[in-house]
Structures are given as C-alpha cells and as structure tokens.
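K.L.:
Next comes structure_8.txt, compact mmCIF, C-alpha atoms:
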```
# COMPACT_ATOMS: atom_id res chain seq x y z
CA MET Z 1 5.47 59.30 29.83
CA TYR Z 2 2.07 58.00 31.00
CA THR Z 3 -0.19 60.55 32.73
CA TYR Z 4 -2.76 59.32 35.23
CA THR Z 5 -6.33 60.56 34.85
CA SER Z 6 -8.15 62.13 37.81
CA THR Z 7 -10.21 58.94 38.18
CA GLU Z 8 -7.09 56.76 38.32
CA LYS Z 9 -5.59 59.06 40.95
CA ARG Z 10 -8.76 58.82 42.99
CA LEU Z 11 -8.82 55.00 42.79
CA THR Z 12 -5.13 54.82 43.73
CA GLU Z 13 -5.78 57.06 46.74
CA LEU Z 14 -8.76 54.92 47.80
CA LYS Z 15 -6.61 51.80 47.62
CA TYR Z 16 -3.86 53.47 49.69
CA LEU Z 17 -6.28 54.59 52.43
CA LEU Z 18 -7.85 51.13 52.54
CA GLU Z 19 -4.47 49.41 52.88
CA LYS Z 20 -3.46 51.82 55.68
CA LYS Z 21 -6.85 51.29 57.42
CA ARG Z 22 -7.48 55.03 57.55
CA THR Z 23 -11.25 54.53 57.57
CA THR Z 24 -12.29 58.09 58.44
CA GLU Z 25 -10.38 59.55 55.47
CA LEU Z 26 -11.52 56.65 53.29
CA ALA Z 27 -15.19 57.29 54.14
CA GLU Z 28 -14.80 60.99 53.34
CA LEU Z 29 -13.12 60.27 49.99
CA LEU Z 30 -15.79 57.69 49.12
CA ARG Z 31 -18.43 60.34 49.81
CA ARG Z 32 -16.82 62.53 47.13
CA THR Z 33 -16.39 59.69 44.61
CA ASN Z 34 -18.84 58.85 41.86
CA PRO Z 35 -20.66 55.55 42.62
CA VAL Z 36 -19.68 54.19 39.19
CA ASP Z 37 -16.01 54.68 40.06
CA ILE Z 38 -16.61 53.03 43.44
CA VAL Z 39 -17.97 49.98 41.60
CA GLU Z 40 -14.78 49.86 39.52
CA PHE Z 41 -12.72 50.14 42.71
CA MET Z 42 -14.61 47.38 44.52
CA GLU Z 43 -14.32 44.94 41.62
CA GLU Z 44 -10.58 44.67 42.33
CA LEU Z 45 -10.94 44.04 46.07
CA SER Z 46 -11.10 40.86 48.10
CA PRO Z 47 -14.50 39.99 49.65
CA GLU Z 48 -13.31 41.25 53.05
CA GLU Z 49 -12.03 44.56 51.64
CA ALA Z 50 -15.18 45.06 49.55
CA LEU Z 51 -17.34 44.61 52.64
CA VAL Z 52 -15.31 47.19 54.58
CA VAL Z 53 -15.68 49.73 51.77
CA PHE Z 54 -19.39 48.99 51.32
CA ARG Z 55 -20.15 49.57 55.00
CA LEU Z 56 -18.41 52.96 54.84
CA LEU Z 57 -20.70 54.21 52.07
CA LYS Z 58 -23.65 56.52 52.63
CA LYS Z 59 -26.98 54.70 52.35
CA ASP Z 60 -27.90 56.23 48.97
CA ASP Z 61 -24.46 55.52 47.54
CA ALA Z 62 -24.50 51.97 48.91
CA VAL Z 63 -27.80 51.28 47.17
CA GLU Z 64 -26.58 52.69 43.85
CA VAL Z 65 -23.26 50.85 44.06
CA PHE Z 66 -24.91 47.53 44.86
CA ALA Z 67 -27.30 47.93 41.92
CA GLU Z 68 -24.36 48.49 39.54
CA LEU Z 69 -22.25 45.54 40.73
CA ASP Z 70 -22.21 42.40 38.61
CA HIS Z 71 -23.50 39.06 39.89
CA GLU Z 72 -20.13 37.84 41.13
CA ASP Z 73 -19.39 40.99 43.13
CA LYS Z 74 -22.91 41.04 44.58
CA GLU Z 75 -22.32 37.51 45.83
CA LYS Z 76 -19.10 38.66 47.55
CA LEU Z 77 -21.01 41.30 49.49
CA GLN Z 78 -24.04 39.15 50.15
CA ALA Z 79 -21.85 36.53 51.84
CA GLY Z 80 -20.57 39.13 54.32
CA LEU Z 81 -23.84 40.88 55.12
CA ASN Z 82 -26.16 39.43 57.72
CA GLU Z 83 -29.76 38.67 56.75
CA ASN Z 84 -31.21 41.85 58.24
CA GLU Z 85 -28.61 44.04 56.53
CA PHE Z 86 -29.35 42.36 53.22
CA LYS Z 87 -33.13 42.69 53.61
CA ASN Z 88 -32.77 46.39 54.43
CA LEU Z 89 -30.57 46.85 51.37
CA LEU Z 90 -33.12 45.10 49.13
CA ASN Z 91 -35.88 47.32 50.47
CA GLU Z 92 -33.93 50.43 49.47
CA LEU Z 93 -33.24 49.22 45.91
CA ASN Z 94 -35.37 50.29 42.98
CA PHE Z 95 -37.93 47.57 42.33
CA ASP Z 96 -36.35 46.39 39.06
CA ASP Z 97 -32.91 46.21 40.70
CA MET Z 98 -34.40 44.21 43.57
CA ILE Z 99 -35.95 41.76 41.12
CA ASP Z 100 -32.62 41.39 39.29
CA THR Z 101 -30.90 40.63 42.59
CA LEU Z 102 -33.53 38.10 43.71
CA GLU Z 103 -33.32 36.32 40.35
CA GLU Z 104 -29.62 35.72 40.94
CA MET Z 105 -30.05 34.38 44.49
CA PRO Z 106 -30.62 30.78 45.63
CA ALA Z 107 -34.33 29.88 45.75
CA ALA Z 108 -34.23 29.06 49.48
CA MET Z 109 -32.92 32.52 50.38
CA VAL Z 110 -35.47 34.22 48.12
CA GLN Z 111 -38.29 32.36 49.87
CA ARG Z 112 -36.89 33.30 53.29
CA ILE Z 113 -36.73 36.98 52.34
CA LEU Z 114 -40.21 36.99 50.82
CA ARG Z 115 -41.73 35.42 53.94
CA SER Z 116 -40.72 38.51 55.90
CA ALA Z 117 -42.04 40.95 53.26
CA ASP Z 118 -45.52 42.44 53.32
CA VAL Z 119 -48.28 40.73 51.31
CA ASP Z 120 -48.39 43.33 48.49
CA THR Z 121 -44.62 43.23 47.96
CA ARG Z 122 -44.58 39.43 48.08
CA ASN Z 123 -47.36 39.15 45.48
CA LEU Z 124 -45.71 41.72 43.22
CA VAL Z 125 -42.30 40.03 43.40
CA ASN Z 126 -43.81 36.61 42.68
CA GLU Z 127 -45.61 38.06 39.65
CA TYR Z 128 -42.41 39.61 38.31
CA LEU Z 129 -40.36 36.46 38.83
CA GLN Z 130 -42.82 34.55 36.64
CA PHE Z 131 -42.30 36.71 33.55
CA PRO Z 132 -40.58 34.90 30.64
CA GLU Z 133 -36.79 35.19 30.58
CA ASP Z 134 -35.51 38.06 28.41
CA SER Z 135 -38.97 39.68 28.29
CA ALA Z 136 -39.88 43.31 28.89
CA GLY Z 137 -41.56 42.30 32.15
CA THR Z 138 -38.21 41.33 33.68
CA LEU Z 139 -36.80 44.81 32.95
CA MET Z 140 -39.60 47.09 34.10
CA THR Z 141 -40.02 48.94 37.35
CA THR Z 142 -43.23 49.99 39.08
CA GLU Z 143 -41.69 53.23 40.36
CA PHE Z 144 -43.23 55.73 37.93
CA VAL Z 145 -45.47 58.78 38.30
CA GLU Z 146 -49.13 58.14 37.51
CA ILE Z 147 -51.61 61.00 37.20
CA LYS Z 148 -55.29 61.30 36.25
CA PRO Z 149 -56.76 63.16 33.26
CA TYR Z 150 -59.11 65.26 35.42
CA MET Z 151 -56.24 66.74 37.47
CA THR Z 152 -55.18 70.36 36.93
CA CYS Z 153 -51.51 71.21 36.52
CA ARG Z 154 -51.51 72.52 40.09
CA GLU Z 155 -52.92 69.22 41.41
CA ALA Z 156 -50.53 67.21 39.25
CA LEU Z 157 -47.50 69.12 40.59
CA ASP Z 158 -48.68 68.63 44.17
CA HIS Z 159 -49.05 64.91 43.47
CA ILE Z 160 -45.57 64.71 41.88
CA LYS Z 161 -44.04 66.46 44.90
CA LYS Z 162 -45.78 64.00 47.19
CA VAL Z 163 -44.80 60.75 45.43
CA GLY Z 164 -41.85 61.70 43.24
CA HIS Z 165 -39.02 61.33 45.75
CA ASP Z 166 -38.90 57.53 45.39
CA LYS Z 167 -39.67 57.27 41.66
CA VAL Z 168 -37.14 56.27 39.03
CA THR Z 169 -38.11 59.22 36.86
CA ILE Z 170 -40.55 62.11 37.15
CA TYR Z 171 -39.84 63.77 33.79
CA THR Z 172 -42.54 61.77 32.02
CA CYS Z 173 -45.87 61.28 33.79
CA TYR Z 174 -48.35 58.66 32.62
CA VAL Z 175 -52.06 59.39 32.49
CA THR Z 176 -54.31 56.48 33.47
CA SER Z 177 -57.99 55.76 33.96
CA PRO Z 178 -59.46 54.53 37.29
CA THR Z 179 -58.85 50.95 36.03
CA LYS Z 180 -55.18 51.80 35.26
CA GLU Z 181 -55.73 51.78 31.48
CA LEU Z 182 -52.99 53.88 29.84
CA LEU Z 183 -54.59 56.96 28.26
CA GLY Z 184 -51.55 59.05 27.42
CA TYR Z 185 -48.51 60.82 28.82
CA VAL Z 186 -47.37 64.34 29.58
CA SER Z 187 -43.91 65.77 30.30
CA LEU Z 188 -43.06 67.49 33.55
CA ARG Z 189 -41.85 70.48 31.51
CA LEU Z 190 -45.30 70.92 29.97
CA ILE Z 191 -47.00 70.65 33.37
CA VAL Z 192 -44.65 73.23 34.92
CA THR Z 193 -44.90 75.75 32.05
CA SER Z 194 -48.68 75.52 31.50
CA PRO Z 195 -51.30 77.61 33.37
CA LYS Z 196 -51.98 76.09 36.79
CA GLU Z 197 -55.66 75.40 36.14
CA THR Z 198 -55.12 73.63 32.79
CA ARG Z 199 -56.42 70.08 32.93
CA ILE Z 200 -54.04 67.21 32.19
CA GLU Z 201 -56.41 65.74 29.59
CA ASP Z 202 -55.93 68.93 27.55
CA LEU Z 203 -52.13 68.56 27.62
CA MET Z 204 -51.52 64.83 27.33
CA TYR Z 205 -50.28 63.06 24.20
CA GLU Z 206 -52.57 60.16 23.38
CA ASP Z 207 -50.33 58.51 20.77
CA VAL Z 208 -48.29 56.43 23.21
CA ILE Z 209 -45.56 54.02 22.10
CA THR Z 210 -45.71 51.01 24.45
CA VAL Z 211 -44.31 47.54 24.92
CA THR Z 212 -46.06 44.57 26.49
CA THR Z 213 -44.77 42.50 29.39
CA THR Z 214 -44.03 39.54 27.08
CA ASP Z 215 -42.19 41.50 24.35
CA ASP Z 216 -38.64 40.35 23.75
CA GLN Z 217 -35.92 42.59 25.18
CA GLU Z 218 -34.35 43.04 21.73
CA GLU Z 219 -37.62 44.49 20.43
CA VAL Z 220 -37.73 46.84 23.42
CA ALA Z 221 -34.15 47.94 22.72
CA HIS Z 222 -35.06 48.61 19.09
CA LYS Z 223 -37.93 50.89 20.14
CA PHE Z 224 -35.61 52.86 22.43
CA GLN Z 225 -33.13 53.28 19.57
CA LYS Z 226 -35.81 54.19 17.03
CA TYR Z 227 -37.70 56.76 19.09
CA GLY Z 228 -34.93 58.06 21.36
CA PHE Z 229 -37.05 57.78 24.50
CA THR Z 230 -35.66 57.87 28.02
CA ALA Z 231 -38.51 55.65 29.25
CA LEU Z 232 -41.12 53.35 27.74
CA PRO Z 233 -44.42 52.32 29.39
CA VAL Z 234 -45.13 48.59 29.76
CA VAL Z 235 -48.73 47.41 29.47
CA ASP Z 236 -50.47 44.07 29.80
CA ASN Z 237 -52.76 42.54 27.17
CA THR Z 238 -55.65 44.77 28.30
CA ASN Z 239 -53.58 47.99 27.94
CA ARG Z 240 -53.28 48.42 31.72
CA LEU Z 241 -50.09 50.24 32.73
CA VAL Z 242 -48.00 47.87 34.84
CA GLY Z 243 -44.54 49.45 34.73
CA ILE Z 244 -41.95 51.41 32.79
CA ILE Z 245 -38.51 50.62 31.38
CA THR Z 246 -35.88 53.35 31.59
CA VAL Z 247 -33.05 53.84 29.13
CA ASP Z 248 -30.35 52.93 31.67
CA ASP Z 249 -31.98 49.51 32.07
CA ILE Z 250 -31.99 48.88 28.32
CA MET Z 251 -28.40 50.01 27.65
CA TRP Z 252 -26.89 46.84 29.12
CA ILE Z 253 -29.34 44.76 27.04
CA ILE Z 254 -28.08 46.48 23.88
CA GLU Z 255 -24.48 45.84 24.98
CA ARG Z 256 -25.24 42.20 25.87
CA GLU Z 257 -26.96 41.47 22.55
CA ALA Z 258 -24.12 43.09 20.60
CA THR Z 259 -21.58 41.07 22.60
CA GLU Z 260 -23.47 37.83 21.94
CA ASP Z 261 -23.55 38.58 18.21
CA PHE Z 262 -19.81 39.28 18.16
CA GLN Z 263 -19.12 36.05 20.05
CA ILE Z 264 -21.25 33.99 17.68
CA MET Z 265 -19.73 35.72 14.65
CA ALA Z 266 -16.29 34.84 16.01
CA GLY Z 267 -17.29 31.18 16.21
CA THR Z 268 -17.64 30.77 19.97
CA THR Z 269 -20.50 30.00 22.36
CA PRO Z 270 -21.99 33.20 23.88
CA ASP Z 271 -20.91 33.90 27.45
CA GLU Z 272 -22.30 36.64 29.68
CA GLU Z 273 -19.14 36.87 31.80
CA ASP Z 274 -16.55 39.52 31.04
CA TYR Z 275 -13.50 38.24 29.18
CA SER Z 276 -11.16 39.33 31.99
CA LYS Z 277 -13.15 37.28 34.54
CA THR Z 278 -13.52 34.15 32.42
CA SER Z 279 -11.07 31.31 33.05
CA PRO Z 280 -8.99 29.84 30.17
CA TRP Z 281 -10.78 26.51 30.75
CA LYS Z 282 -14.23 28.08 30.22
CA LEU Z 283 -13.03 30.05 27.18
CA ALA Z 284 -11.68 26.82 25.67
CA LYS Z 285 -14.90 24.95 26.48
CA ASN Z 286 -16.93 27.61 24.66
CA ARG Z 287 -14.71 27.45 21.57
CA ILE Z 288 -14.08 23.70 21.16
CA PRO Z 289 -17.60 22.78 19.89
CA TRP Z 290 -17.43 25.41 17.14
CA LEU Z 291 -13.87 24.48 16.17
CA LEU Z 292 -14.88 20.81 15.93
CA PHE Z 293 -17.96 21.65 13.87
CA LEU Z 294 -15.96 23.84 11.49
CA MET Z 295 -13.21 21.22 11.23
CA VAL Z 296 -15.73 18.54 10.27
CA SER Z 297 -17.41 20.95 7.83
CA ALA Z 298 -14.04 21.60 6.20
CA THR Z 299 -13.76 17.91 5.25
CA PHE Z 300 -16.10 18.73 2.34
CA SER Z 301 -13.19 20.63 0.79
CA SER Z 302 -11.00 17.51 1.00
CA THR Z 303 -13.76 15.47 -0.65
CA ILE Z 304 -14.02 17.98 -3.50
CA LEU Z 305 -10.24 17.96 -4.01
CA ARG Z 306 -10.30 14.16 -4.27
CA ARG Z 307 -13.21 14.38 -6.72
CA PHE Z 308 -11.19 16.66 -9.04
CA GLU Z 309 -7.83 14.98 -8.47
CA ASN Z 310 -7.44 14.25 -12.21
CA VAL Z 311 -7.86 17.96 -13.02
CA ILE Z 312 -5.21 18.94 -10.46
CA GLN Z 313 -2.77 16.32 -11.77
CA SER Z 314 -3.33 17.39 -15.38
CA VAL Z 315 -2.72 21.09 -14.71
CA ILE Z 316 -0.48 21.36 -11.64
CA ALA Z 317 -0.52 25.17 -11.84
CA LEU Z 318 -4.15 25.22 -10.79
CA ASN Z 319 -3.19 23.99 -7.32
CA MET Z 320 -1.15 27.07 -6.42
CA PHE Z 321 -4.17 29.41 -6.68
CA ILE Z 322 -6.56 27.47 -4.42
CA PRO Z 323 -5.73 29.45 -1.22
CA MET Z 324 -6.19 32.79 -3.02
CA LEU Z 325 -9.56 31.75 -4.45
CA THR Z 326 -10.99 30.31 -1.23
CA ASP Z 327 -9.80 33.30 0.81
CA THR Z 328 -11.38 35.71 -1.66
CA GLY Z 329 -14.70 33.86 -1.52
CA GLY Z 330 -14.68 33.72 2.29
CA ASN Z 331 -13.82 37.41 2.61
CA ALA Z 332 -16.50 38.47 0.11
CA GLY Z 333 -19.12 36.34 1.85
CA SER Z 334 -18.15 37.64 5.28
CA GLN Z 335 -18.51 41.24 4.10
CA ALA Z 336 -22.04 40.60 2.85
CA SER Z 337 -23.17 38.55 5.86
CA THR Z 338 -21.79 41.03 8.40
CA LEU Z 339 -23.53 44.00 6.76
CA VAL Z 340 -26.83 42.14 6.40
CA ILE Z 341 -26.70 40.91 10.02
CA ARG Z 342 -26.11 44.48 11.18
CA ALA Z 343 -28.93 45.80 8.95
CA MET Z 344 -31.35 43.24 10.41
CA ALA Z 345 -30.24 44.06 13.97
CA THR Z 346 -31.11 47.73 13.42
CA HIS Z 347 -34.31 46.78 11.52
CA ASP Z 348 -33.02 48.58 8.43
CA VAL Z 349 -33.71 45.29 6.62
CA GLU Z 350 -36.31 42.64 7.44
CA PRO Z 351 -35.91 38.89 6.69
CA ASN Z 352 -38.75 38.93 4.15
CA GLU Z 353 -36.96 41.61 2.10
CA TRP Z 354 -34.48 39.16 0.58
CA MET Z 355 -35.66 40.05 -2.93
CA LYS Z 356 -34.37 43.56 -2.31
CA VAL Z 357 -31.11 42.56 -0.61
CA VAL Z 358 -29.86 39.61 -2.69
CA PRO Z 359 -30.06 41.29 -6.14
CA LYS Z 360 -28.30 44.33 -4.69
CA GLU Z 361 -25.48 42.14 -3.33
CA ILE Z 362 -25.24 40.28 -6.65
CA LEU Z 363 -24.75 43.62 -8.41
CA VAL Z 364 -22.11 44.56 -5.84
CA GLY Z 365 -20.51 41.16 -6.45
CA LEU Z 366 -20.44 41.72 -10.21
CA ILE Z 367 -18.73 45.09 -9.82
CA CYS Z 368 -16.19 43.77 -7.29
CA GLY Z 369 -15.74 40.48 -9.16
CA VAL Z 370 -14.95 42.13 -12.50
CA ALA Z 371 -12.38 44.44 -10.90
CA ILE Z 372 -10.70 41.77 -8.75
CA GLY Z 373 -10.94 39.09 -11.43
CA PHE Z 374 -9.23 41.34 -13.98
CA ILE Z 375 -6.43 42.17 -11.54
CA ALA Z 376 -6.05 38.45 -10.74
CA PHE Z 377 -5.85 37.68 -14.47
CA LEU Z 378 -3.04 40.23 -14.93
CA LYS Z 379 -1.22 38.91 -11.84
CA CYS Z 380 -1.33 35.32 -13.11
CA MET Z 381 -0.22 36.32 -16.61
CA PHE Z 382 2.64 38.68 -15.89
CA PHE Z 383 3.72 37.91 -12.31
CA ASP Z 384 3.08 34.18 -11.93
CA LYS Z 385 3.65 33.53 -15.69
CA VAL Z 386 1.26 30.56 -15.86
CA GLY Z 387 -0.09 31.29 -19.33
CA MET Z 388 -3.28 32.67 -20.81
CA THR Z 389 -5.47 29.61 -20.13
CA VAL Z 390 -4.80 29.25 -16.40
CA SER Z 391 -4.93 33.04 -15.94
CA LEU Z 392 -8.34 33.12 -17.60
CA ILE Z 393 -9.58 30.26 -15.39
CA VAL Z 394 -8.46 32.08 -12.24
CA GLY Z 395 -9.96 35.42 -13.33
CA LEU Z 396 -13.33 33.92 -14.26
CA THR Z 397 -13.38 31.85 -11.07
CA ILE Z 398 -12.81 34.90 -8.90
CA LEU Z 399 -15.59 36.78 -10.71
CA THR Z 400 -17.98 33.86 -10.20
CA ILE Z 401 -16.95 33.21 -6.59
CA VAL Z 402 -17.34 36.84 -5.53
CA VAL Z 403 -20.85 37.05 -7.05
CA LEU Z 404 -21.80 33.72 -5.46
CA ALA Z 405 -20.29 34.71 -2.11
CA LYS Z 406 -22.21 38.00 -2.00
CA ALA Z 407 -25.48 36.20 -2.78
CA VAL Z 408 -24.94 33.38 -0.27
CA GLY Z 409 -23.51 35.68 2.40
CA SER Z 410 -26.54 37.97 2.25
CA LEU Z 411 -29.17 35.23 1.96
CA LEU Z 412 -28.11 32.80 4.72
CA PRO Z 413 -28.51 35.23 7.68
CA MET Z 414 -32.00 36.09 6.44
CA ILE Z 415 -32.90 32.41 6.19
CA ALA Z 416 -31.57 31.84 9.72
CA GLU Z 417 -33.71 34.70 11.07
CA LYS Z 418 -36.78 33.44 9.20
CA LEU Z 419 -36.33 29.96 10.71
CA GLY Z 420 -36.09 31.42 14.22
CA GLY Z 421 -32.30 31.10 14.55
CA ASP Z 422 -29.66 33.72 15.28
CA PRO Z 423 -28.45 35.39 12.05
CA ALA Z 424 -25.03 35.91 13.67
CA ILE Z 425 -24.42 32.15 13.28
CA MET Z 426 -24.09 32.79 9.55
CA ALA Z 427 -21.02 34.96 10.01
CA SER Z 428 -17.34 34.67 9.18
CA PRO Z 429 -16.35 31.12 10.25
CA LEU Z 430 -19.41 29.29 8.88
CA ILE Z 431 -19.76 31.40 5.73
CA THR Z 432 -16.05 30.91 4.99
CA THR Z 433 -16.34 27.14 5.40
CA ILE Z 434 -19.38 26.96 3.09
CA LEU Z 435 -17.80 29.18 0.45
CA ASP Z 436 -14.51 27.25 0.51
CA SER Z 437 -16.37 24.19 -0.75
CA LEU Z 438 -18.46 26.14 -3.27
CA GLY Z 439 -15.36 27.96 -4.52
CA LEU Z 440 -13.50 24.72 -5.23
CA ILE Z 441 -16.49 23.30 -7.15
CA VAL Z 442 -16.69 26.48 -9.26
CA TYR Z 443 -12.92 26.53 -9.85
CA PHE Z 444 -12.55 23.00 -11.12
CA ASN Z 445 -15.75 23.08 -13.17
CA ILE Z 446 -14.59 26.24 -14.95
CA ALA Z 447 -11.20 24.58 -15.54
CA SER Z 448 -12.94 21.49 -17.00
CA LEU Z 449 -14.95 23.66 -19.39
CA ILE Z 450 -12.01 25.77 -20.62
CA ILE Z 451 -9.37 23.01 -20.89
CA PRO Z 452 -10.56 20.24 -23.24
CA GLY Z 453 -10.07 16.66 -22.07
CA LEU Z 454 -10.04 17.29 -18.31
```
Produce structure tokens that represent the structure in this file.
P.N.:
Amino acid sequence: MYTYTSTEKRLTELKYLLEKKRTTELAELLRRTNPVDIVEFMEELSPEEALVVFRLLKKDDAVEVFAELDHEDKEKLQAGLNENEFKNLLNELNFDDMIDTLEEMPAAMVQRILRSADVDTRNLVNEYLQFPEDSAGTLMTTEFVEIKPYMTCREALDHIKKVGHDKVTIYTCYVTSPTKELLGYVSLRLIVTSPKETRIEDLMYEDVITVTTTDDQEEVAHKFQKYGFTALPVVDNTNRLVGIITVDDIMWIIEREATEDFQIMAGTTPDEEDYSKTSPWKLAKNRIPWLLFLMVSATFSSTILRRFENVIQSVIALNMFIPMLTDTGGNAGSQASTLVIRAMATHDVEPNEWMKVVPKEILVGLICGVAIGFIAFLKCMFFDKVGMTVSLIVGLTILTIVVLAKAVGSLLPMIAEKLGGDPAIMASPLITTILDSLGLIVYFNIASLIIPGL
C-alpha cells in the first residue's frame, strides 16, 4: 500500500483548499509551507489559479517563489500581474534573479521597466545584460558584503549589521581598496570570534580564488566543485570586485550541463525544457536530425559488406557472427568514451593528456580483448560448432576490435574538445556507428589472412 509523504499531504491539502475557495485557510497553510514546495504546487495550476495563490503569499515568500519558478511559469504570473505589481516584485528580487527575469522578457517590456528605474539601477542592469551568454557575469549578484582593511572587527560588525539585511550572504566578507580592488576575504566567524579591536587586514586571507566576468559558466562550476566554496568573487580585468556567485546559482548550471551532455550522448539535440513539459513534436524534432545522420553514417557498413561479398559467400558461417562483433566493438568504445568524457568534465583528465589516456585504454582493451576473445573462441568451437578456423577468426577479431574500440573511444572525445567541440558528441551512437564500420573491416581482413584464397 502506498504511503503519502508529509509534503504530498500538504500539497493535496493546498489543492483542496484552493478548489473550495477557502482563501483564509489557504493563506495560512501557504505561510507554513516551504517556498520550494509552493513552487511545485504552482507548477500544476492553471494561470488563474497560480495568480490567486501567488497573491496570497507573504511578500518574502512571493519573492522567493517567483525566483524559483521556471520561465514558463513566470510568464503565467507575469500575464496576470499589472505593470506596477510586476515592477514592485522585480525591485524585491535579488539582483541576479532580477537580471534572469529581465533576460527572459520581451525587449519592449524591459525598456518600459528600465525607463521607470533610477539611473544607477538602469546603468547596472544594462551593463549586466551585455555580458556574454553563459558567462560568469550573467550569474553574479552585486548583493555582497564589502569591508575595508583598516576597519576593526567592531567596525566591521557594525557595518555588517547596517547593510547585511539585504545581502545574499554575509558569511564571507570581501576586503577591497578605495578603488574596489579585491584585496582578500574574511569569514564572519573569524570577525565575531576575534578581539574587537583587531584590524581586518590582520585577519583577511589574501590568496583569493576568483573568476572573471567573461569566464565560462562551466569553468565557474568546476571551481565550485574543486574548492567547495559557497560563494566565489567575480572580478573584472583590473581585479576590481564587481559581484559574487553563490553556490545555489551554480547548482542549476551543473545540472543543466550534465543534462545537455546526457542528451547529446543519447543522440538528441540539447533542450533546456523539462521532459515532462516538452511536446512529442518537439522531442521528435530534436531527435530526427541525429537519427538521419546516424542512418546515413551506417551506410558505410553496407558498403563494406558489398566490398567483402566474396568472402561472405565463400565462408557463409562468417555472416552469423557480424552482429556479435559489431555490438562488442560499440559497447567497448562506448565504455571508453563515456569514462573519458566524464573525466574531462571533472578536469581529472585534460585534452592534451591523450598520451596518458590512450595507452592506458589500449592496455585495458588488451586485457578485456584476450578474455572475451578466448570465451568467444570457445563458444564458436563447442556451442556454434563452426570449426577451428572460423572460431579463431572470431576470437582474434574480438581481441582486435576491443583494443581498437578502447583506443578510438578514448581519443575521439579528446580530439573533439581540442577542436572546440562538445566531447559528449563522441558518445554511444556516433562511436557505435564508427566502430561498426571499423569492426567489419577488421573482421574480413583477418578472415582473408587466415583463409587462403579469399
């Protein structure tokens, strides 16, 4: 029997109160519900119902919920809010969330909103909107705590109390010069636990890990994963502190990049929409180009079969092992390519380290190939009963194919990365298609060498 979780019970109760139009009880229950769960609840509602729920939320909860909604659900709310309501909502959002929202809006509405903003906000927004797509500048927020090296801990705490209420984080404070050059950082814990008259310059760490406004988001994500930070400072090309990126802003980048890699590895065009919200037509449209490309690529196998038609006709038994050989090659290549792609994504391996990776995979291929080839030889001899010669051909072919597949599967993603492409392209479907053709060439050439007269 299925048991509902407390969250599911809460969402069911919210839905019931909404349907019965018991708004007072609904507002009270929303007040006691986590904003993340409210987002999940609103995703299932019609635009009219979502607007009712949104207007019942407390201001702080409404801001947090709106920031967490995806583009489609934000559009549902935006259509129901009047211009003043929407402007007020934008003003309450964290700066990075406001930028994300403006980027998704029609240009005419953005211009209309900016015209009513103050000059400083308008200039700052325009600057942010000009950062390259997928750069660190598009992720950062200006809502961080900035302190000076000459401050004492007492002065720093007073400053944090004064400005900290509207900052994204106060746990790490950044030390800057009068020209906003980043000098170092200090944790709130260290400020609180140090003697009150200790100067910040005596406490700060000067070895600061930073990113620049033009750094790619993947590189930013890698630094978060490597160092385990909760926030990273963003500087311009003169080392001036212009913003910070917090870990919650980078988590969706990590998820998005992983999703894109999985989609490419599955042989489909990357799509940022959730699978459940994507229409069958769009899913098909994303898959057809890859299927057509792979189908055309597979014609090389037909060409190879025609080229060795005399070999197949002379030894009919060879034909029955083609699927086993091509599948083995494709699987071995996919194993190598997947592991290398993952190693490059985590920066465990760099593209220029192919001399370290390929020999290692060849050795792995030799070990696997000898074991699998020997088992294939025994299978052909005693189970398929095709004789010593054909069994030997199949065993040697599997050994050769596995070694070749490991080498090709590990090398191609590194070549793709070196040429500026996405290594994930060189995953299962494409690697399998390439190795099918190579496997057939190896198979029939080995057969021609072992059987005289072919």
K.L.:
Could you name the residues that touch region 385-393 of chain Z at 10 Å or less, counting all atoms listed in the file, but leaving out those on the same chain fewer than 5 positions away, as a list in words?
P.N.:
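My reading of the contact set: Val315, Ala317, Leu318, Phe321, Gly373, Phe374, Ala376, Phe377, Leu378, Lys379, Cys380, Ile398, Tyr443, Phe444, Asn445, Ile446, Ala447, Ser448, Leu449, Ile450 and Ile451 of chain Z.
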K.L.:
CA of Arg199 (chain Z) and CA of Leu157 (chain Z) are how many Å apart?
P.N.:
11.8 Å
K.L.:
What is the CA of Leu14 (chain Z)-CA of Asn84 (chain Z) distance in Å, reported with one decimal?
P.N.:
28.0 Å
K.L.:
Using only C-alpha atoms, collect all residues at a distance of at most 6 Å from (-39.9, 49.6, 26.8) as written in the file, then present them as an MDAnalysis selection string.
P.N.:
chainID Z and resid 211 220 232:233 245
K.L.:
Could you write out the selected residues, including C-alpha atoms, as an mmCIF file, in the frame of the given file?
P.N.:
```cif
data_model
loop_
_atom_site.group_PDB
_atom_site.id
_atom_site.type_symbol
_atom_site.label_atom_id
_atom_site.label_comp_id
_atom_site.auth_asym_id
_atom_site.auth_seq_id
_atom_site.Cartn_x
_atom_site.Cartn_y
_atom_site.Cartn_z
ATOM 1 C CA VAL Z 211 -44.310 47.540 24.920
ATOM 2 C CA VAL Z 220 -37.730 46.840 23.420
ATOM 3 C CA LEU Z 232 -41.120 53.350 27.740
ATOM 4 C CA PRO Z 233 -44.420 52.320 29.390
ATOM 5 C CA ILE Z 245 -38.510 50.620 31.380
#
```
K.L.:
Figure out the distance between CA of Glu68 (chain Z) and CA of Val36 (chain Z), please, to one decimal in Å.
P.N.:
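So the two atoms, CA of Val36 (chain Z) and CA of Glu68 (chain Z), lie 7.4 Å apart.
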K.L.:
Using all atoms of region 442-449 of chain Z listed in the file and a margin of 5 Å per side, can you give the axis-aligned box centre and edge lengths in Å to one decimal, as AutoDock Vina command-line options?
P.N.:
```
--center_x -13.9 --center_y 24.0 --center_z -14.3 --size_x 15.5 --size_y 15.0 --size_z 20.1
```
K.L.:
Pick out the closest residue to Pro47 (chain Z) from this set: Z:Val242, Z:Ala67, Z:Leu190, Z:Leu77. Count only C-alpha atoms.
P.N.:
Z:Leu77
